[in-house]
file data01.cif (mmCIF, C-alpha atoms and all ligand atoms)
data_structure
#
loop_
_atom_site.label_atom_id
_atom_site.label_comp_id
_atom_site.auth_asym_id
_atom_site.auth_seq_id
_atom_site.Cartn_x
_atom_site.Cartn_y
_atom_site.Cartn_z
CA MET A 1 -6.45 41.11 2.09
CA GLY A 2 -4.12 38.13 1.81
CA ALA A 3 -1.36 37.95 -0.74
CA ARG A 4 -2.29 35.73 -3.63
CA PHE A 5 -0.45 32.43 -3.91
CA ILE A 6 -0.63 30.28 -7.04
CA TYR A 7 -0.17 26.56 -6.41
CA PRO A 8 1.42 25.19 -9.58
CA HIS A 9 -0.32 21.81 -9.06
CA ARG A 10 -3.56 20.68 -7.47
CA LEU A 11 -2.23 17.40 -6.07
CA ILE A 12 0.55 17.28 -3.49
CA ALA A 13 2.15 14.04 -2.32
CA HIS A 14 2.00 13.90 1.49
CA ARG A 15 5.26 13.16 3.34
CA GLY A 16 7.04 12.46 0.07
CA GLY A 17 5.14 9.56 -1.45
CA GLY A 18 2.04 9.32 0.71
CA THR A 19 1.54 5.85 2.14
CA LEU A 20 3.12 4.14 -0.86
CA ALA A 21 6.69 4.64 0.31
CA PRO A 22 8.47 5.26 3.63
CA GLU A 23 7.50 8.78 4.66
CA ASN A 24 9.95 11.66 4.50
CA THR A 25 12.62 9.82 2.49
CA LEU A 26 14.17 10.53 -0.89
CA ALA A 27 12.70 7.25 -2.12
CA ALA A 28 9.27 8.63 -1.24
CA ILE A 29 9.83 11.79 -3.27
CA ARG A 30 10.97 9.65 -6.22
CA GLU A 31 7.89 7.44 -5.81
CA GLY A 32 5.61 10.47 -6.00
CA HIS A 33 7.43 11.74 -9.05
CA ALA A 34 7.24 8.33 -10.75
CA ARG A 35 3.48 8.33 -10.17
CA GLY A 36 3.09 11.66 -11.93
CA TYR A 37 3.08 13.96 -8.93
CA ARG A 38 4.89 17.23 -9.44
CA ALA A 39 4.35 18.65 -5.96
CA VAL A 40 5.43 17.21 -2.64
CA GLU A 41 5.04 17.97 1.07
CA PHE A 42 7.56 16.82 3.66
CA ASP A 43 8.41 17.58 7.29
CA VAL A 44 11.64 19.24 8.42
CA MET A 45 13.04 18.90 11.96
CA LEU A 46 16.41 19.82 13.45
CA ALA A 47 18.86 17.05 14.28
CA LYS A 48 21.71 17.55 16.78
CA GLY A 49 23.78 20.59 15.83
CA ASP A 50 20.74 22.21 14.19
CA VAL A 51 21.10 20.30 10.92
CA PRO A 52 17.69 20.03 9.24
CA VAL A 53 16.49 16.54 8.30
CA LEU A 54 13.23 15.04 7.10
CA MET A 55 11.23 13.65 10.03
CA HIS A 56 7.65 13.77 11.23
CA ASP A 57 7.79 12.32 14.75
CA ASP A 58 9.71 13.63 17.73
CA THR A 59 11.07 10.12 18.25
CA LEU A 60 12.66 7.59 15.91
CA GLU A 61 10.81 4.38 16.78
CA ARG A 62 7.88 4.47 14.35
CA THR A 63 9.73 5.16 11.10
CA THR A 64 13.35 4.10 11.64
CA SER A 65 15.53 1.37 13.11
CA GLY A 66 16.66 3.85 15.82
CA ARG A 67 15.30 4.64 19.26
CA GLY A 68 15.00 7.88 21.17
CA ALA A 69 14.47 11.58 20.56
CA LEU A 70 15.49 12.89 17.14
CA PRO A 71 17.58 15.88 18.35
CA ALA A 72 19.80 13.50 20.36
CA PHE A 73 21.31 12.32 17.06
CA THR A 74 23.47 13.98 14.44
CA ALA A 75 22.45 13.98 10.81
CA THR A 76 25.30 11.56 10.13
CA GLN A 77 24.01 9.14 12.75
CA LEU A 78 20.48 9.47 11.35
CA ALA A 79 21.75 8.79 7.84
CA ALA A 80 23.03 5.41 9.05
CA LEU A 81 19.58 4.33 10.27
CA ASP A 82 17.14 2.27 8.23
CA ALA A 83 14.11 4.48 7.58
CA GLY A 84 12.65 2.23 4.89
CA SER A 85 12.20 -1.35 6.15
CA TRP A 86 9.21 -0.50 8.36
CA LYS A 87 7.28 0.24 5.18
CA ASP A 88 8.54 -2.50 2.89
CA ALA A 89 11.62 -4.67 2.48
CA ARG A 90 12.28 -3.12 -0.92
CA PHE A 91 13.05 0.17 0.85
CA ALA A 92 15.54 -1.40 3.28
CA GLY A 93 18.49 0.86 4.09
CA GLU A 94 16.77 4.04 2.98
CA PRO A 95 18.32 6.73 5.21
CA VAL A 96 16.85 9.68 7.08
CA PRO A 97 17.77 12.38 4.56
CA GLN A 98 19.01 15.86 5.19
CA PHE A 99 16.67 18.64 4.08
CA GLU A 100 19.34 19.84 1.65
CA ALA A 101 19.30 16.51 -0.18
CA ALA A 102 15.51 16.64 -0.45
CA ALA A 103 15.63 20.21 -1.72
CA GLN A 104 18.27 19.26 -4.26
CA LEU A 105 16.12 16.34 -5.45
CA CYS A 106 13.01 18.50 -5.77
CA VAL A 107 14.89 21.03 -7.87
CA ALA A 108 16.40 18.28 -10.04
CA LEU A 109 13.00 16.63 -10.58
CA GLY A 110 11.20 19.93 -11.09
CA MET A 111 8.91 19.31 -8.14
CA PHE A 112 7.16 22.02 -6.17
CA ALA A 113 8.09 21.68 -2.49
CA ASN A 114 5.78 22.36 0.44
CA VAL A 115 8.30 22.37 3.27
CA GLU A 116 6.51 21.81 6.56
CA ILE A 117 8.56 23.21 9.44
CA LYS A 118 8.06 20.60 12.14
CA PRO A 119 9.76 21.69 15.37
CA TYR A 120 10.67 19.02 17.92
CA ALA A 121 7.66 19.62 20.20
CA PRO A 122 9.32 19.18 23.62
CA GLY A 123 11.82 21.91 22.64
CA GLY A 124 9.23 24.66 23.01
CA ASP A 125 9.39 28.10 21.44
CA ALA A 126 13.19 28.31 21.19
CA VAL A 127 13.43 25.14 19.12
CA ALA A 128 10.41 26.18 17.06
CA ARG A 129 12.14 29.44 16.18
CA ALA A 130 15.44 27.73 15.43
CA THR A 131 13.70 25.24 13.15
CA GLY A 132 11.88 27.98 11.28
CA HIS A 133 15.07 29.99 10.96
CA VAL A 134 17.17 27.12 9.58
CA ALA A 135 14.45 25.79 7.27
CA ALA A 136 13.97 29.26 5.81
CA LEU A 137 17.69 29.85 5.24
CA VAL A 138 18.11 26.55 3.41
CA SER A 139 14.96 27.26 1.40
CA GLN A 140 16.30 30.67 0.48
CA ARG A 141 19.47 29.03 -0.83
CA PHE A 142 17.62 26.52 -3.03
CA TRP A 143 14.54 28.46 -4.04
CA GLY A 144 15.48 32.10 -3.55
CA ASN A 145 15.77 32.48 -7.31
CA ARG A 146 12.92 30.11 -8.10
CA ALA A 147 9.81 32.04 -7.17
CA GLY A 148 6.72 29.92 -6.70
CA GLU A 149 8.54 26.59 -6.48
CA ALA A 150 8.55 26.33 -2.68
CA LEU A 151 6.21 27.16 0.16
CA LEU A 152 7.04 26.95 3.86
CA SER A 153 4.28 25.93 6.25
CA SER A 154 3.91 25.23 9.96
CA PHE A 155 1.46 24.77 12.80
CA SER A 156 3.87 26.85 14.87
CA SER A 157 3.48 30.63 14.76
CA GLN A 158 6.94 30.94 16.33
CA ALA A 159 8.47 28.90 13.51
CA LEU A 160 6.65 30.96 10.90
CA ASP A 161 7.76 34.22 12.47
CA ALA A 162 11.38 33.07 12.59
CA ALA A 163 11.14 31.94 8.96
CA ARG A 164 9.81 35.35 7.96
CA CYS A 165 12.71 37.07 9.73
CA ALA A 166 15.31 34.78 8.14
CA ALA A 167 13.96 34.67 4.57
CA PRO A 168 10.97 36.99 4.12
CA ALA A 169 10.73 36.32 0.38
CA ILE A 170 10.01 32.60 0.75
CA PRO A 171 6.20 32.40 1.05
CA ARG A 172 4.57 30.93 4.14
CA ALA A 173 1.34 29.10 4.93
CA HIS A 174 -0.25 28.62 8.34
CA LEU A 175 -1.34 25.08 9.17
CA PHE A 176 -4.46 24.45 11.22
CA ASP A 177 -5.96 21.20 12.41
CA ALA A 178 -9.06 23.18 13.30
CA ILE A 179 -9.51 26.63 11.81
CA PRO A 180 -9.65 29.22 14.63
CA ASP A 181 -12.12 32.10 14.58
CA ASP A 182 -9.28 34.60 14.18
CA TRP A 183 -7.57 32.75 11.29
CA ASP A 184 -7.46 35.92 9.20
CA MET A 185 -5.72 37.91 11.94
CA GLN A 186 -3.18 35.12 12.45
CA LEU A 187 -2.38 34.89 8.74
CA ASP A 188 -2.16 38.64 8.42
CA HIS A 189 0.06 38.95 11.50
CA LEU A 190 2.61 36.48 10.07
CA ASP A 191 2.36 37.71 6.46
CA CYS A 192 1.19 34.27 5.34
CA VAL A 193 -0.01 33.83 1.78
CA ALA A 194 -2.00 30.64 2.36
CA LEU A 195 -3.96 28.59 4.85
CA HIS A 196 -3.47 24.82 5.04
CA CYS A 197 -6.07 22.88 6.97
CA ASN A 198 -7.23 19.43 7.83
CA ALA A 199 -9.90 18.68 5.21
CA LYS A 200 -12.25 17.53 7.98
CA CYS A 201 -12.51 21.03 9.44
CA LEU A 202 -13.33 22.89 6.23
CA THR A 203 -16.81 23.95 5.17
CA ALA A 204 -17.91 25.50 1.88
CA GLU A 205 -18.63 28.74 3.70
CA LEU A 206 -15.20 28.91 5.35
CA ALA A 207 -13.48 28.04 2.08
CA ASN A 208 -15.36 30.85 0.43
CA ARG A 209 -14.29 33.35 3.09
CA ILE A 210 -10.64 32.28 2.91
CA LYS A 211 -10.58 32.53 -0.88
CA ARG A 212 -12.42 35.85 -0.89
CA ALA A 213 -9.78 37.17 1.50
CA GLY A 214 -7.22 36.35 -1.18
CA TYR A 215 -5.38 33.45 0.46
CA GLY A 216 -4.21 30.19 -1.03
CA LEU A 217 -6.03 27.18 0.41
CA MET A 218 -4.75 23.62 0.71
CA CYS A 219 -6.29 20.63 2.53
CA TRP A 220 -4.80 17.44 3.85
CA THR A 221 -5.19 14.46 3.79
CA VAL A 222 -7.51 13.71 0.90
CA ASN A 223 -7.60 10.26 -0.67
CA ASP A 224 -11.09 10.08 -2.12
CA PRO A 225 -11.59 11.52 -5.62
CA ASP A 226 -15.15 12.61 -4.77
CA GLU A 227 -13.95 14.48 -1.70
CA ALA A 228 -11.20 16.12 -3.74
CA ALA A 229 -13.69 17.17 -6.41
CA ARG A 230 -15.99 18.64 -3.74
CA LEU A 231 -13.13 20.58 -2.16
CA PHE A 232 -12.02 21.93 -5.54
CA SER A 233 -15.61 23.02 -6.22
CA TRP A 234 -15.46 25.02 -2.95
CA GLY A 235 -12.39 26.87 -4.23
CA VAL A 236 -9.67 24.79 -2.56
CA ASP A 237 -6.48 25.22 -4.59
CA ALA A 238 -4.67 21.99 -3.78
CA VAL A 239 -5.02 18.80 -1.75
CA CYS A 240 -2.35 16.74 -0.06
CA ALA A 241 -2.77 12.98 -0.63
CA ASP A 242 -1.55 9.76 0.95
CA ARG A 243 -3.03 7.41 -1.64
CA LEU A 244 -1.26 8.63 -4.74
CA ASP A 245 -2.67 5.63 -6.59
CA LEU A 246 -6.27 6.73 -5.97
CA LEU A 247 -5.97 10.46 -6.52
CA THR A 248 -4.77 10.74 -10.05
CA GLU A 249 -7.65 11.59 -12.34
CA VAL A 250 -9.35 14.30 -10.26
CA ALA A 251 -6.84 16.94 -11.22
CA PRO A 252 -4.78 16.61 -14.33
CA PHE A 253 -1.06 16.99 -13.65
CA VAL A 254 -0.50 20.38 -15.16
O1 LIG B 301 1.28 19.77 5.78
C1 LIG B 301 0.12 19.02 5.88
C2 LIG B 301 0.24 17.87 6.87
O2 LIG B 301 1.43 17.19 6.62
C3 LIG B 301 0.19 18.30 8.29
O3 LIG B 301 0.11 17.23 9.17
O4 LIG B 301 1.03 15.63 10.80
O5 LIG B 301 1.00 15.04 8.41
O6 LIG B 301 2.57 16.76 9.23
P1 LIG B 301 1.23 16.13 9.40
MG MG B 302 3.48 17.35 7.29
#

call {"tool": "encode", "arguments": {"input": "data01.cif", "output": "structure tokens", "more": "lines below"}}
Ligand code: G3P
Ligand code: MG
result
Amino acid sequence: MGARFIYPHRLIAHRGGGTLAPENTLAAIREGHARGYRAVEFDVMLAKGDVPVLMHDDTLERTTSGRGALPAFTATQLAALDAGSWKDARFAGEPVPQFEAAAQLCVALGMFANVEIKPYAPGGDAVARATGHVAALVSQRFWGNRAGEALLSSFSSQALDAARCAAPAIPRAHLFDAIPDDWDMQLDHLDCVALHCNAKCLTAELANRIKRAGYGLMCWTVNDPDEAARLFSWGVDAVCADRLDLLTEVAPFV
């Protein structure tokens, strides 16, 4: 039986502000907040020296003015990059933020944080564990006394295991692009409280089994109000959205 997890909000802004702001920046988190969102998901990766920063890709090209592999750069070097212009000129100069700054902002804005541990993939298991360890320790510092305001998640079982060792009290969710047959054993093995899955892979029957087993259930990425309503009717607790402008009336911001 999974441990029960209560999502404080049904809508979660993906990568900070969905597609309405440069992903994984502080500006994105502010954008989500300004649009009424009170829950946010972002990705945490380790820069050089094991300093956690917000980044989705292993390399800098797509979302910043830099080039190369993220762990080749210090957090200070990353902070000097432009991570906003690729999205819109009004975000020019927006830096790659440190995880600590994002955590601080979430606490200040009263936003629930779904911290996705995103290990630099070429680093293998060792980097996955280090990323989980560091992300959990920082989370413990910001949310250790704020139960229910943060949830760690990862595709990586190594990262989740390291997070559990470092900060067992910060709840964890397992991410799946496709839900494996042994999802319940995997969640149980890592003491996860929730399952996060690609909305495309969920069925009403699977949702029912996951909820009956007592786990929290979140789906990404959902931008269609009808799809969100259908998922909620299956028992899904929360959805992660890119189009924050479209997904506003499905779930009232409670
Ligand atoms: O945490 C949900 C979602 O963000 C997982 O996929 O690639 O957008 O990090 P990705
Ligand atoms: Mg993510």

call {"tool": "residues_near_ligand", "arguments": {"input": "data01.cif", "ligand": "ligand MG 302 (chain B)", "cutoff": "12 Å", "atoms": "only C-alpha atoms and all ligand atoms", "output": "PDB file with C-alpha atoms, keeping the file's coordinate frame"}}
result
ATOM      1  CA  ILE A  12       0.550  17.280  -3.490  1.00  0.00           C
ATOM      2  CA  ALA A  13       2.150  14.040  -2.320  1.00  0.00           C
ATOM      3  CA  HIS A  14       2.000  13.900   1.490  1.00  0.00           C
ATOM      4  CA  ARG A  15       5.260  13.160   3.340  1.00  0.00           C
ATOM      5  CA  GLY A  16       7.040  12.460   0.070  1.00  0.00           C
ATOM      6  CA  GLY A  17       5.140   9.560  -1.450  1.00  0.00           C
ATOM      7  CA  GLY A  18       2.040   9.320   0.710  1.00  0.00           C
ATOM      8  CA  GLU A  23       7.500   8.780   4.660  1.00  0.00           C
ATOM      9  CA  ASN A  24       9.950  11.660   4.500  1.00  0.00           C
ATOM     10  CA  VAL A  40       5.430  17.210  -2.640  1.00  0.00           C
ATOM     11  CA  GLU A  41       5.040  17.970   1.070  1.00  0.00           C
ATOM     12  CA  PHE A  42       7.560  16.820   3.660  1.00  0.00           C
ATOM     13  CA  ASP A  43       8.410  17.580   7.290  1.00  0.00           C
ATOM     14  CA  VAL A  44      11.640  19.240   8.420  1.00  0.00           C
ATOM     15  CA  MET A  45      13.040  18.900  11.960  1.00  0.00           C
ATOM     16  CA  LEU A  54      13.230  15.040   7.100  1.00  0.00           C
ATOM     17  CA  MET A  55      11.230  13.650  10.030  1.00  0.00           C
ATOM     18  CA  HIS A  56       7.650  13.770  11.230  1.00  0.00           C
ATOM     19  CA  ASP A  57       7.790  12.320  14.750  1.00  0.00           C
ATOM     20  CA  ALA A 113       8.090  21.680  -2.490  1.00  0.00           C
ATOM     21  CA  ASN A 114       5.780  22.360   0.440  1.00  0.00           C
ATOM     22  CA  VAL A 115       8.300  22.370   3.270  1.00  0.00           C
ATOM     23  CA  GLU A 116       6.510  21.810   6.560  1.00  0.00           C
ATOM     24  CA  ILE A 117       8.560  23.210   9.440  1.00  0.00           C
ATOM     25  CA  LYS A 118       8.060  20.600  12.140  1.00  0.00           C
ATOM     26  CA  PRO A 119       9.760  21.690  15.370  1.00  0.00           C
ATOM     27  CA  LEU A 152       7.040  26.950   3.860  1.00  0.00           C
ATOM     28  CA  SER A 153       4.280  25.930   6.250  1.00  0.00           C
ATOM     29  CA  SER A 154       3.910  25.230   9.960  1.00  0.00           C
ATOM     30  CA  PHE A 155       1.460  24.770  12.800  1.00  0.00           C
ATOM     31  CA  HIS A 174      -0.250  28.620   8.340  1.00  0.00           C
ATOM     32  CA  LEU A 175      -1.340  25.080   9.170  1.00  0.00           C
ATOM     33  CA  PHE A 176      -4.460  24.450  11.220  1.00  0.00           C
ATOM     34  CA  ASP A 177      -5.960  21.200  12.410  1.00  0.00           C
ATOM     35  CA  HIS A 196      -3.470  24.820   5.040  1.00  0.00           C
ATOM     36  CA  CYS A 197      -6.070  22.880   6.970  1.00  0.00           C
ATOM     37  CA  ASN A 198      -7.230  19.430   7.830  1.00  0.00           C
ATOM     38  CA  CYS A 219      -6.290  20.630   2.530  1.00  0.00           C
ATOM     39  CA  TRP A 220      -4.800  17.440   3.850  1.00  0.00           C
ATOM     40  CA  THR A 221      -5.190  14.460   3.790  1.00  0.00           C
ATOM     41  CA  CYS A 240      -2.350  16.740  -0.060  1.00  0.00           C
ATOM     42  CA  ALA A 241      -2.770  12.980  -0.630  1.00  0.00           C
ATOM     43  CA  ASP A 242      -1.550   9.760   0.950  1.00  0.00           C
TER      44      ASP A 242
END

call {"tool": "atom_distance", "arguments": {"input": "data01.cif", "atom1": "CA of Val127 in chain A", "atom2": "CA of Glu94 in chain A"}}
result
26.8 Å

call {"tool": "atom_distance", "arguments": {"input": "data01.cif", "atom1": "CA of Asp226 in chain A", "atom2": "CA of Leu246 in chain A"}}
result
10.7 Å

call {"tool": "residues_near_point", "arguments": {"input": "data01.cif", "point": "(12.7, 23.8, -5.9)", "cutoff": "8 Å", "atoms": "all atoms listed in the file", "output": "PyMOL selection string"}}
result
chain A and resi 103-104+106-108+110-113+142-143+146+149-150

call {"tool": "residues_around", "arguments": {"input": "data01.cif", "residues": "Arg209 in chain A", "least_positions_apart": "5", "cutoff": "10 Å", "atoms": "all atoms listed in the file", "output": "PyMOL selection string"}}
result
chain A and resi 184+203-204+214-215+235

call {"tool": "write_last_selection", "arguments": {"input": "data01.cif", "atoms": "C-alpha atoms", "output": "mmCIF file, in the coordinates of the input"}}
result
data_model
loop_
_atom_site.group_PDB
_atom_site.id
_atom_site.type_symbol
_atom_site.label_atom_id
_atom_site.label_comp_id
_atom_site.auth_asym_id
_atom_site.auth_seq_id
_atom_site.Cartn_x
_atom_site.Cartn_y
_atom_site.Cartn_z
ATOM 1 C CA ASP A 184 -7.460 35.920 9.200
ATOM 2 C CA THR A 203 -16.810 23.950 5.170
ATOM 3 C CA ALA A 204 -17.910 25.500 1.880
ATOM 4 C CA GLY A 214 -7.220 36.350 -1.180
ATOM 5 C CA TYR A 215 -5.380 33.450 0.460
ATOM 6 C CA GLY A 235 -12.390 26.870 -4.230
#

call {"tool": "residues_around", "arguments": {"input": "data01.cif", "residues": "Asp50 in chain A", "least_positions_apart": "3", "cutoff": "9 Å", "atoms": "all atoms listed in the file", "output": "list in words"}}
result
Met45, Leu46, Ala47, Pro71, Thr74, Ala130, Thr131 and Val134 of chain A

call {"tool": "axis_aligned_box", "arguments": {"input": "data01.cif", "around": "ligand LIG 301 (chain B)", "padding_each_side": "4 Å", "output": "AutoDock Vina command-line options"}}
result
--center_x 1.3 --center_y 17.4 --center_z 8.3 --size_x 10.5 --size_y 12.7 --size_z 13.0

call {"tool": "atom_distance", "arguments": {"input": "data01.cif", "atom1": "CA of Val239 in chain A", "atom2": "CA of Ala199 in chain A"}}
result
8.5 Å

call {"tool": "closest_residue", "arguments": {"input": "data01.cif", "among": "A:Leu206, A:Ile179, A:Met185, A:Ala173", "to": "ligand LIG 301 (chain B)", "atoms": "only C-alpha atoms and all ligand atoms"}}
result
A:Ala173

call {"tool": "closest_residue", "arguments": {"input": "data01.cif", "among": "A:Ala27, A:Asp182, A:Ala39, A:Arg172", "to": "Ala238 in chain A", "atoms": "all atoms listed in the file"}}
result
A:Ala39

call {"tool": "closest_residue", "arguments": {"input": "data01.cif", "among": "A:Leu78, A:Ile210, A:Leu244, A:Leu151", "to": "ligand LIG 301 (chain B)", "atoms": "only C-alpha atoms and all ligand atoms"}}
result
A:Leu151

call {"tool": "closest_residue", "arguments": {"input": "data01.cif", "among": "A:Thr248, A:Met218, A:Trp86, A:Ala229", "to": "ligand LIG 301 (chain B)", "atoms": "all atoms listed in the file"}}
result
A:Met218

call {"tool": "closest_residue", "arguments": {"input": "data01.cif", "among": "A:Leu60, A:Leu195, A:Ile29, A:Cys165", "to": "ligand LIG 301 (chain B)", "atoms": "only C-alpha atoms and all ligand atoms"}}
result
A:Leu195

call {"tool": "closest_residue", "arguments": {"input": "data01.cif", "among": "A:Asp58, A:Asp191, A:Ala75, A:Leu137", "to": "ligand LIG 301 (chain B)", "atoms": "only C-alpha atoms and all ligand atoms"}}
result
A:Asp58

call {"tool": "decode", "arguments": {"input": "data01.cif", "residues": "range 189-211 of chain A", "atoms": "N, CA, C and O atoms", "output": "JSON list (two decimals), in the first residue's frame"}}
result
[["chain", "number", "residue", "atom", "x", "y", "z"],
["A", 189, "HIS", "N", 9.73, -0.22, -3.55],
["A", 189, "HIS", "CA", 11.16, -0.41, -3.30],
["A", 189, "HIS", "C", 11.85, 0.91, -2.93],
["A", 189, "HIS", "O", 12.77, 0.94, -2.11],
["A", 190, "LEU", "N", 11.41, 2.01, -3.53],
["A", 190, "LEU", "CA", 12.06, 3.31, -3.30],
["A", 190, "LEU", "C", 11.27, 4.18, -2.31],
["A", 190, "LEU", "O", 11.58, 5.36, -2.14],
["A", 191, "ASP", "N", 10.27, 3.60, -1.67],
["A", 191, "ASP", "CA", 9.43, 4.35, -0.73],
["A", 191, "ASP", "C", 8.86, 5.61, -1.37],
["A", 191, "ASP", "O", 8.88, 6.70, -0.76],
["A", 192, "CYS", "N", 8.40, 5.49, -2.59],
["A", 192, "CYS", "CA", 7.80, 6.65, -3.27],
["A", 192, "CYS", "C", 6.35, 6.79, -2.82],
["A", 192, "CYS", "O", 5.67, 5.81, -2.51],
["A", 193, "VAL", "N", 5.88, 8.04, -2.80],
["A", 193, "VAL", "CA", 4.50, 8.29, -2.39],
["A", 193, "VAL", "C", 3.60, 8.55, -3.60],
["A", 193, "VAL", "O", 2.38, 8.64, -3.47],
["A", 194, "ALA", "N", 4.22, 8.71, -4.78],
["A", 194, "ALA", "CA", 3.42, 9.07, -5.95],
["A", 194, "ALA", "C", 4.05, 8.57, -7.23],
["A", 194, "ALA", "O", 5.26, 8.30, -7.29],
["A", 195, "LEU", "N", 3.22, 8.45, -8.25],
["A", 195, "LEU", "CA", 3.67, 8.08, -9.59],
["A", 195, "LEU", "C", 3.35, 9.25, -10.52],
["A", 195, "LEU", "O", 2.22, 9.75, -10.53],
["A", 196, "HIS", "N", 4.34, 9.68, -11.28],
["A", 196, "HIS", "CA", 4.15, 10.74, -12.27],
["A", 196, "HIS", "C", 4.36, 10.12, -13.65],
["A", 196, "HIS", "O", 5.38, 9.49, -13.89],
["A", 197, "CYS", "N", 3.39, 10.28, -14.53],
["A", 197, "CYS", "CA", 3.54, 9.64, -15.84],
["A", 197, "CYS", "C", 3.13, 10.56, -16.98],
["A", 197, "CYS", "O", 2.36, 11.51, -16.80],
["A", 198, "ASN", "N", 3.68, 10.22, -18.13],
["A", 198, "ASN", "CA", 3.25, 10.88, -19.36],
["A", 198, "ASN", "C", 1.76, 10.58, -19.53],
["A", 198, "ASN", "O", 1.34, 9.42, -19.47],
["A", 199, "ALA", "N", 0.98, 11.63, -19.75],
["A", 199, "ALA", "CA", -0.48, 11.46, -19.84],
["A", 199, "ALA", "C", -0.86, 10.47, -20.93],
["A", 199, "ALA", "O", -1.88, 9.76, -20.82],
["A", 200, "LYS", "N", -0.02, 10.39, -21.96],
["A", 200, "LYS", "CA", -0.34, 9.51, -23.11],
["A", 200, "LYS", "C", -0.35, 8.04, -22.72],
["A", 200, "LYS", "O", -0.97, 7.23, -23.40],
["A", 201, "CYS", "N", 0.36, 7.68, -21.65],
["A", 201, "CYS", "CA", 0.47, 6.25, -21.33],
["A", 201, "CYS", "C", -0.56, 5.81, -20.29],
["A", 201, "CYS", "O", -0.61, 4.63, -19.94],
["A", 202, "LEU", "N", -1.37, 6.74, -19.80],
["A", 202, "LEU", "CA", -2.31, 6.36, -18.73],
["A", 202, "LEU", "C", -3.65, 5.91, -19.30],
["A", 202, "LEU", "O", -4.14, 6.47, -20.28],
["A", 203, "THR", "N", -4.22, 4.89, -18.66],
["A", 203, "THR", "CA", -5.58, 4.46, -18.98],
["A", 203, "THR", "C", -6.42, 4.60, -17.70],
["A", 203, "THR", "O", -5.86, 4.68, -16.60],
["A", 204, "ALA", "N", -7.72, 4.59, -17.87],
["A", 204, "ALA", "CA", -8.61, 4.68, -16.71],
["A", 204, "ALA", "C", -8.35, 3.52, -15.75],
["A", 204, "ALA", "O", -8.33, 3.70, -14.53],
["A", 205, "GLU", "N", -8.10, 2.35, -16.34],
["A", 205, "GLU", "CA", -7.89, 1.16, -15.50],
["A", 205, "GLU", "C", -6.60, 1.26, -14.68],
["A", 205, "GLU", "O", -6.59, 0.97, -13.48],
["A", 206, "LEU", "N", -5.54, 1.73, -15.35],
["A", 206, "LEU", "CA", -4.26, 1.89, -14.64],
["A", 206, "LEU", "C", -4.37, 2.95, -13.55],
["A", 206, "LEU", "O", -3.88, 2.78, -12.44],
["A", 207, "ALA", "N", -5.04, 4.05, -13.89],
["A", 207, "ALA", "CA", -5.21, 5.13, -12.91],
["A", 207, "ALA", "C", -5.94, 4.60, -11.68],
["A", 207, "ALA", "O", -5.57, 4.88, -10.53],
["A", 208, "ASN", "N", -6.92, 3.79, -11.94],
["A", 208, "ASN", "CA", -7.70, 3.21, -10.86],
["A", 208, "ASN", "C", -6.84, 2.32, -9.96],
["A", 208, "ASN", "O", -6.92, 2.39, -8.72],
["A", 209, "ARG", "N", -5.99, 1.53, -10.60],
["A", 209, "ARG", "CA", -5.11, 0.63, -9.81],
["A", 209, "ARG", "C", -4.11, 1.44, -8.99],
["A", 209, "ARG", "O", -3.84, 1.12, -7.83],
["A", 210, "ILE", "N", -3.56, 2.49, -9.59],
["A", 210, "ILE", "CA", -2.55, 3.30, -8.89],
["A", 210, "ILE", "C", -3.20, 4.00, -7.69],
["A", 210, "ILE", "O", -2.66, 4.04, -6.58],
["A", 211, "LYS", "N", -4.39, 4.54, -7.91],
["A", 211, "LYS", "CA", -5.07, 5.24, -6.81],
["A", 211, "LYS", "C", -5.52, 4.25, -5.73],
["A", 211, "LYS", "O", -5.45, 4.56, -4.53]]
